[in-house]
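**Q** This is work.cif (mmCIF, C-alpha atoms and all ligand atoms).
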```cif
data_final
loop_
_atom_site.label_atom_id
_atom_site.label_comp_id
_atom_site.auth_asym_id
_atom_site.auth_seq_id
_atom_site.Cartn_x
_atom_site.Cartn_y
_atom_site.Cartn_z
CA MET A 1 -22.13 69.16 30.97
CA PRO A 2 -22.09 65.80 32.63
CA THR A 3 -21.54 62.84 30.55
CA SER A 4 -24.38 60.94 29.12
CA VAL A 5 -23.13 57.69 30.44
CA PRO A 6 -25.04 56.32 33.40
CA ALA A 7 -23.56 57.69 36.55
CA ALA A 8 -22.51 54.32 37.80
CA ASP A 9 -19.79 54.39 35.17
CA PRO A 10 -16.37 55.27 36.45
CA PRO A 11 -14.54 58.13 34.76
CA GLU A 12 -12.49 55.87 32.54
CA SER A 13 -15.57 54.51 30.90
CA THR A 14 -17.22 57.79 30.05
CA GLY A 15 -15.61 57.75 26.69
CA ARG A 16 -17.47 54.74 25.57
CA ARG A 17 -18.81 55.26 22.19
CA GLY A 18 -22.50 55.08 22.16
CA LEU A 19 -24.55 55.40 25.24
CA LEU A 20 -26.24 58.16 23.63
CA ARG A 21 -26.08 61.81 24.03
CA VAL A 22 -29.50 63.18 23.55
CA GLY A 23 -30.78 66.37 24.94
CA LEU A 24 -32.47 66.15 28.24
CA THR A 25 -35.97 66.55 27.17
CA GLY A 26 -35.41 64.98 23.92
CA ALA A 27 -35.43 61.36 24.33
CA ALA A 28 -37.91 59.05 22.98
CA ALA A 29 -38.26 55.44 23.27
CA LEU A 30 -39.48 52.18 22.26
CA ALA A 31 -39.79 49.07 23.96
CA VAL A 32 -38.27 46.04 25.16
CA GLY A 33 -37.86 43.10 23.03
CA GLY A 34 -40.47 41.90 24.56
CA GLY A 35 -42.96 40.86 26.87
CA ALA A 36 -41.33 37.62 26.09
CA GLY A 37 -44.54 36.54 24.56
CA ALA A 38 -45.23 34.28 27.44
CA GLY A 39 -48.94 34.65 26.92
CA ALA A 40 -50.94 32.49 29.21
CA VAL A 41 -48.07 30.17 29.97
CA ARG A 42 -47.36 29.96 33.63
CA TYR A 43 -43.94 31.07 34.77
CA SER A 44 -43.42 27.80 36.58
CA ASP A 45 -43.99 25.90 33.35
CA THR A 46 -41.15 27.57 31.53
CA HIS A 47 -38.62 28.54 34.17
CA LEU A 48 -36.60 26.91 36.83
CA SER A 49 -37.06 28.10 40.33
CA PRO A 50 -34.75 31.06 40.95
CA THR A 51 -33.14 29.09 43.72
CA ALA A 52 -32.16 26.40 41.22
CA ARG A 53 -29.82 28.78 39.44
CA VAL A 54 -26.36 29.17 40.89
CA ALA A 55 -23.14 30.51 39.46
CA PRO A 56 -20.60 27.79 38.71
CA ARG A 57 -17.24 27.56 40.38
CA PRO A 58 -14.87 29.95 38.61
CA ASP A 59 -12.14 28.42 36.50
CA GLU A 60 -9.64 30.92 37.79
CA PRO A 61 -9.25 32.80 41.05
CA GLY A 62 -10.31 36.40 40.99
CA ARG A 63 -13.02 38.80 41.89
CA TYR A 64 -16.16 38.06 39.96
CA ALA A 65 -18.16 41.25 39.92
CA VAL A 66 -20.23 42.97 37.29
CA ARG A 67 -22.06 46.25 37.09
CA VAL A 68 -25.74 46.21 36.20
CA LEU A 69 -26.84 49.63 34.99
CA PHE A 70 -30.37 50.70 34.23
CA GLN A 71 -30.32 54.47 34.55
CA GLY A 72 -27.89 57.31 34.83
CA ALA A 73 -27.66 59.76 37.67
CA SER A 74 -30.33 62.42 38.05
CA ASP A 75 -27.72 65.09 37.52
CA CYS A 76 -26.76 63.56 34.21
CA ALA A 77 -27.54 66.07 31.49
CA ARG A 78 -28.52 63.63 28.85
CA ALA A 79 -30.33 60.42 28.06
CA CYS A 80 -29.12 57.32 26.26
CA VAL A 81 -30.86 55.80 23.25
CA THR A 82 -30.41 52.10 22.66
CA PHE A 83 -31.65 49.76 19.94
CA ASP A 84 -32.11 46.03 20.37
CA ASP A 85 -32.64 43.05 18.08
CA GLY A 86 -30.80 44.19 14.95
CA PRO A 87 -29.18 44.45 12.62
CA ASP A 88 -32.16 44.14 10.33
CA PRO A 89 -32.09 45.37 6.73
CA ARG A 90 -35.73 46.45 7.06
CA TRP A 91 -35.09 48.87 9.90
CA THR A 92 -31.43 49.43 10.73
CA PRO A 93 -30.69 51.63 7.66
CA LEU A 94 -33.67 53.84 8.50
CA VAL A 95 -32.59 54.13 12.13
CA LEU A 96 -29.06 55.02 11.05
CA ASP A 97 -30.38 57.68 8.70
CA ILE A 98 -32.55 59.20 11.42
CA LEU A 99 -29.68 59.22 13.92
CA ALA A 100 -27.35 60.75 11.33
CA ASP A 101 -29.84 63.52 10.62
CA LEU A 102 -30.08 64.22 14.34
CA GLY A 103 -26.35 63.90 14.97
CA VAL A 104 -27.10 61.52 17.81
CA PRO A 105 -25.01 58.47 18.72
CA ALA A 106 -26.72 55.36 20.01
CA THR A 107 -25.91 51.92 21.31
CA PHE A 108 -27.00 48.88 19.27
CA PHE A 109 -27.48 45.62 21.14
CA VAL A 110 -27.16 43.17 18.30
CA LEU A 111 -27.95 39.51 17.75
CA GLY A 112 -24.88 37.56 16.69
CA GLU A 113 -26.70 35.55 14.07
CA ALA A 114 -28.08 38.75 12.55
CA VAL A 115 -24.60 40.28 12.54
CA THR A 116 -23.33 37.30 10.61
CA ALA A 117 -26.15 37.73 8.10
CA HIS A 118 -25.69 41.51 7.74
CA PRO A 119 -22.17 42.47 8.78
CA GLU A 120 -22.31 45.51 6.52
CA LEU A 121 -24.96 47.06 8.74
CA VAL A 122 -22.81 46.63 11.83
CA ALA A 123 -19.87 48.12 9.96
CA ARG A 124 -22.06 51.10 9.14
CA GLU A 125 -23.07 51.46 12.79
CA ALA A 126 -19.44 51.46 13.86
CA GLU A 127 -18.35 53.85 11.13
CA ALA A 128 -21.05 56.28 12.19
CA GLY A 129 -19.66 56.31 15.73
CA HIS A 130 -22.33 54.22 17.39
CA GLU A 131 -21.54 51.62 19.99
CA VAL A 132 -22.15 47.98 19.10
CA ALA A 133 -22.95 45.75 22.06
CA ILE A 134 -24.23 42.25 22.75
CA HIS A 135 -27.86 41.21 22.92
CA ASN A 136 -27.29 37.48 22.45
CA TRP A 137 -26.44 35.11 19.62
CA ALA A 138 -30.12 34.35 19.01
CA HIS A 139 -33.12 36.03 20.58
CA THR A 140 -33.43 33.52 23.37
CA ASP A 141 -33.84 33.91 27.09
CA VAL A 142 -30.55 33.34 28.85
CA TYR A 143 -32.39 32.37 31.99
CA GLY A 144 -32.04 28.69 32.60
CA VAL A 145 -29.29 28.22 30.01
CA GLU A 146 -26.27 26.18 30.98
CA VAL A 147 -23.25 28.37 31.59
CA GLY A 148 -21.15 26.79 28.84
CA GLU A 149 -23.87 27.60 26.33
CA LEU A 150 -24.07 31.14 27.66
CA ARG A 151 -20.33 31.61 27.21
CA ASP A 152 -20.57 30.24 23.69
CA SER A 153 -23.43 32.58 22.79
CA VAL A 154 -21.58 35.61 24.12
CA ASP A 155 -18.25 34.65 22.60
CA ARG A 156 -19.71 33.95 19.17
CA THR A 157 -21.51 37.28 19.25
CA ILE A 158 -18.33 39.12 20.27
CA ALA A 159 -16.47 37.47 17.40
CA ALA A 160 -19.20 38.35 14.90
CA ILE A 161 -19.19 41.99 16.04
CA GLU A 162 -15.41 42.24 15.73
CA ASP A 163 -15.38 40.43 12.39
CA ALA A 164 -17.87 43.01 11.12
CA GLY A 165 -15.40 45.76 11.97
CA ALA A 166 -16.74 47.12 15.25
CA SER A 167 -14.77 47.42 18.47
CA ALA A 168 -14.86 44.73 21.10
CA PRO A 169 -18.20 45.11 22.90
CA ARG A 170 -18.28 46.18 26.53
CA LEU A 171 -21.99 45.95 27.23
CA TRP A 172 -24.46 43.09 27.31
CA ARG A 173 -28.25 43.29 27.47
CA PRO A 174 -29.65 39.77 27.55
CA PRO A 175 -33.03 39.39 25.78
CA TYR A 176 -35.97 40.50 27.92
CA GLY A 177 -33.51 41.98 30.38
CA ARG A 178 -33.48 38.74 32.31
CA VAL A 179 -30.28 37.89 34.08
CA ASP A 180 -29.37 35.55 36.86
CA ALA A 181 -26.24 34.37 38.63
CA PRO A 182 -24.78 32.29 35.76
CA ALA A 183 -25.41 35.09 33.26
CA LEU A 184 -23.82 37.64 35.57
CA MET A 185 -20.85 35.36 36.00
CA VAL A 186 -20.36 35.14 32.24
CA ALA A 187 -20.60 38.93 32.06
CA ALA A 188 -17.94 39.21 34.77
CA GLU A 189 -15.69 36.70 33.04
CA ARG A 190 -15.89 38.60 29.78
CA GLY A 191 -15.52 42.03 31.35
CA LEU A 192 -19.00 43.13 30.29
CA ASP A 193 -21.34 45.51 32.06
CA VAL A 194 -25.03 44.72 31.87
CA LEU A 195 -27.14 47.65 30.67
CA LEU A 196 -30.88 47.44 31.13
CA TRP A 197 -33.21 50.43 30.55
CA SER A 198 -35.52 52.91 32.22
CA GLU A 199 -37.84 54.02 29.41
CA HIS A 200 -39.99 51.81 27.26
CA THR A 201 -42.27 52.87 24.43
CA PRO A 202 -43.50 50.01 22.31
CA THR A 203 -45.93 52.01 20.19
CA ALA A 204 -45.79 55.12 18.06
CA GLN A 205 -47.94 56.92 20.62
CA ALA A 206 -45.57 55.92 23.37
CA ALA A 207 -42.66 57.10 21.26
CA ALA A 208 -44.41 60.44 20.85
CA ASP A 209 -45.05 60.66 24.58
CA ALA A 210 -41.45 59.78 25.35
CA ALA A 211 -40.22 63.27 24.61
CA GLY A 212 -41.87 64.33 27.82
CA ALA A 213 -41.30 61.15 29.75
CA ALA A 214 -37.58 60.74 29.26
CA HIS A 215 -35.32 62.62 31.61
CA ALA A 216 -31.70 63.11 32.44
CA GLY A 217 -30.08 59.77 32.80
CA SER A 218 -32.84 57.87 31.05
CA VAL A 219 -31.80 54.76 29.19
CA ILE A 220 -34.29 54.44 26.38
CA LEU A 221 -35.07 51.09 24.87
CA CYS A 222 -35.88 51.00 21.15
CA HIS A 223 -35.77 48.27 18.53
CA ASP A 224 -34.35 48.05 15.04
CA GLY A 225 -35.16 44.41 14.46
CA ARG A 226 -37.70 41.64 14.79
CA SER A 227 -41.39 42.47 14.94
CA GLN A 228 -41.74 45.66 16.87
CA PRO A 229 -40.44 48.46 14.64
CA SER A 230 -42.51 50.28 12.10
CA GLU A 231 -41.64 53.29 9.99
CA GLU A 232 -44.23 55.37 11.84
CA LEU A 233 -42.81 54.36 15.19
CA LEU A 234 -39.19 55.02 14.21
CA ARG A 235 -39.95 58.39 12.62
CA THR A 236 -41.97 59.39 15.68
CA LEU A 237 -39.06 58.32 17.82
CA GLY A 238 -36.77 60.53 15.78
CA GLU A 239 -39.12 63.47 16.27
CA SER A 240 -39.15 62.89 20.01
CA ILE A 241 -35.37 62.70 20.15
CA ALA A 242 -35.18 65.96 18.25
CA ALA A 243 -37.76 67.67 20.45
ZN ZN B 1 -34.56 41.83 22.24
#
```
Render the structure in this file as structure tokens.
**A**
Amino acid sequence: MPTSVPAADPPESTGRRGLLRVGLTGAAALAVGGGAGAGAVRYSDTHLSPTARVAPRPDEPGRYAVRVLFQGASDCARACVTFDDGPDPRWTPLVLDILADLGVPATFFVLGEAVTAHPELVAREAEAGHEVAIHNWAHTDVYGVEVGELRDSVDRTIAAIEDAGASAPRLWRPPYGRVDAPALMVAAERGLDVLLWSEHTPTAQAAADAAGAAHAGSVILCHDGRSQPSEELLRTLGESIAA
């Protein structure tokens, strides 16, 4: 059976822990951390023009390239389940219990400040064979952030993950999935791939529907922190994964 890792991954990376192996039809999902909550605020009020954002001059010579993955190949036999915004003592233990019951590994995109507050939950994720990856230090948009601050956020989160006992992260999913040239440069500098997603189910109904919606190669976005999770949603998600 093909690996569950998105097809863009080279062979050497297929052993990455995490990047879920769920049966083809059995993926469920949840949603992105968020519609960013922008509400009625105009984009131009909160963001720089895209043309204002440029990657800085590299400190060292080299090839600055990064892979941005959002879906596996259509011939991939499995889907990937990912959880953002944790660890959170309200939800992460429940998610880990559900995944353990299903025998399914997942990838957790964690917030560095939450890791520092609850390192034992990250240790449990790692011990259970899940992959621990970077969301950001805090749940803030990386778009428009000065590159030095971006590096600091990523580096502090990497350190927190390793201090908690997990392996050095290899994936980064910036909050809201928003990336630009400076963020991609930081990813390249740190040897990180950017993993976005292809399935999004922010409600229990959507999680129930996801069993039919997810397909081979799907990257399913779920949450185990902040405001989106609920027990109903997570249990429904588990049922969809098992389906
Ligand atoms: Zn998020």
**Q** Hey, which of A:Leu121, A:Ala55, A:Ile98, A:Ala208 ends up closest to A:Gly165? Count all atoms listed in the file.
**A**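 Closest residue, counting all atoms listed in the file: A:Leu121.
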**Q** Please produce, as JSON lines, a per-residue contact table for stretch 54-152 of chain A versus stretch 197-200 of chain A (criterion: any atom at most 9 Å away, all atoms listed in the file considered), showing the nearest atom pair and its distance in Å to one decimal, sorted by chain then residue number.
**A**
```
{"residue": "A:Leu69", "atom": "CA", "partner": "A:Trp197", "partner_atom": "CA", "distance": 7.8}
{"residue": "A:Phe70", "atom": "CA", "partner": "A:Trp197", "partner_atom": "CA", "distance": 4.7}
{"residue": "A:Gln71", "atom": "CA", "partner": "A:Ser198", "partner_atom": "CA", "distance": 5.9}
{"residue": "A:Thr82", "atom": "CA", "partner": "A:Trp197", "partner_atom": "CA", "distance": 8.5}
```
**Q** With all atoms listed in the file as the counted atoms, please give the residues lying no more than 8 Å from A:Val147, apart from itself and same-chain residues fewer than 4 positions off, as a short mmCIF file (atom, residue, chain, number, x, y, z; two decimals) with C-alpha atoms, in the coordinates of the input.
**A**
```
data_model
loop_
_atom_site.label_atom_id
_atom_site.label_comp_id
_atom_site.auth_asym_id
_atom_site.auth_seq_id
_atom_site.Cartn_x
_atom_site.Cartn_y
_atom_site.Cartn_z
CA PRO A 56 -20.60 27.79 38.71
CA ARG A 151 -20.33 31.61 27.21
CA PRO A 182 -24.78 32.29 35.76
CA ALA A 183 -25.41 35.09 33.26
CA VAL A 186 -20.36 35.14 32.24
#
```
**Q** I'd like the interatomic distance between atom CA of A:Leu171 and atom CA of A:Gly191, to a tenth of an Å.
**A**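 Here the two named atoms are 8.6 Å from each other.
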**Q** Mind pulling up the distance from atom CA of A:Ala210 to atom CA of A:Thr236?
**A**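 Distance reported for this atom pair: 9.7 Å.
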**Q** Residues within 9 Å of ligand ZN 1 (chain B), counting only C-alpha atoms and all ligand atoms: report them as JSON, numbers by chain.
**A** {"A": [32, 33, 34, 36, 83, 84, 85, 86, 109, 110, 111, 135, 136, 139, 140, 173, 174, 175, 176, 177, 223, 225, 226]}
**Q** What is the atom CA of A:Ser167-atom CA of A:Cys222 distance in Å, reported with one decimal?
**A** 21.6 Å
**Q** Could you check which of A:Ala106, A:Ala168, A:Val66, A:Ala52 is closest to A:Ile241, using all atoms listed in the file?
**A**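 That would be A:Ala106, the residue with the smallest distance to A:Ile241.
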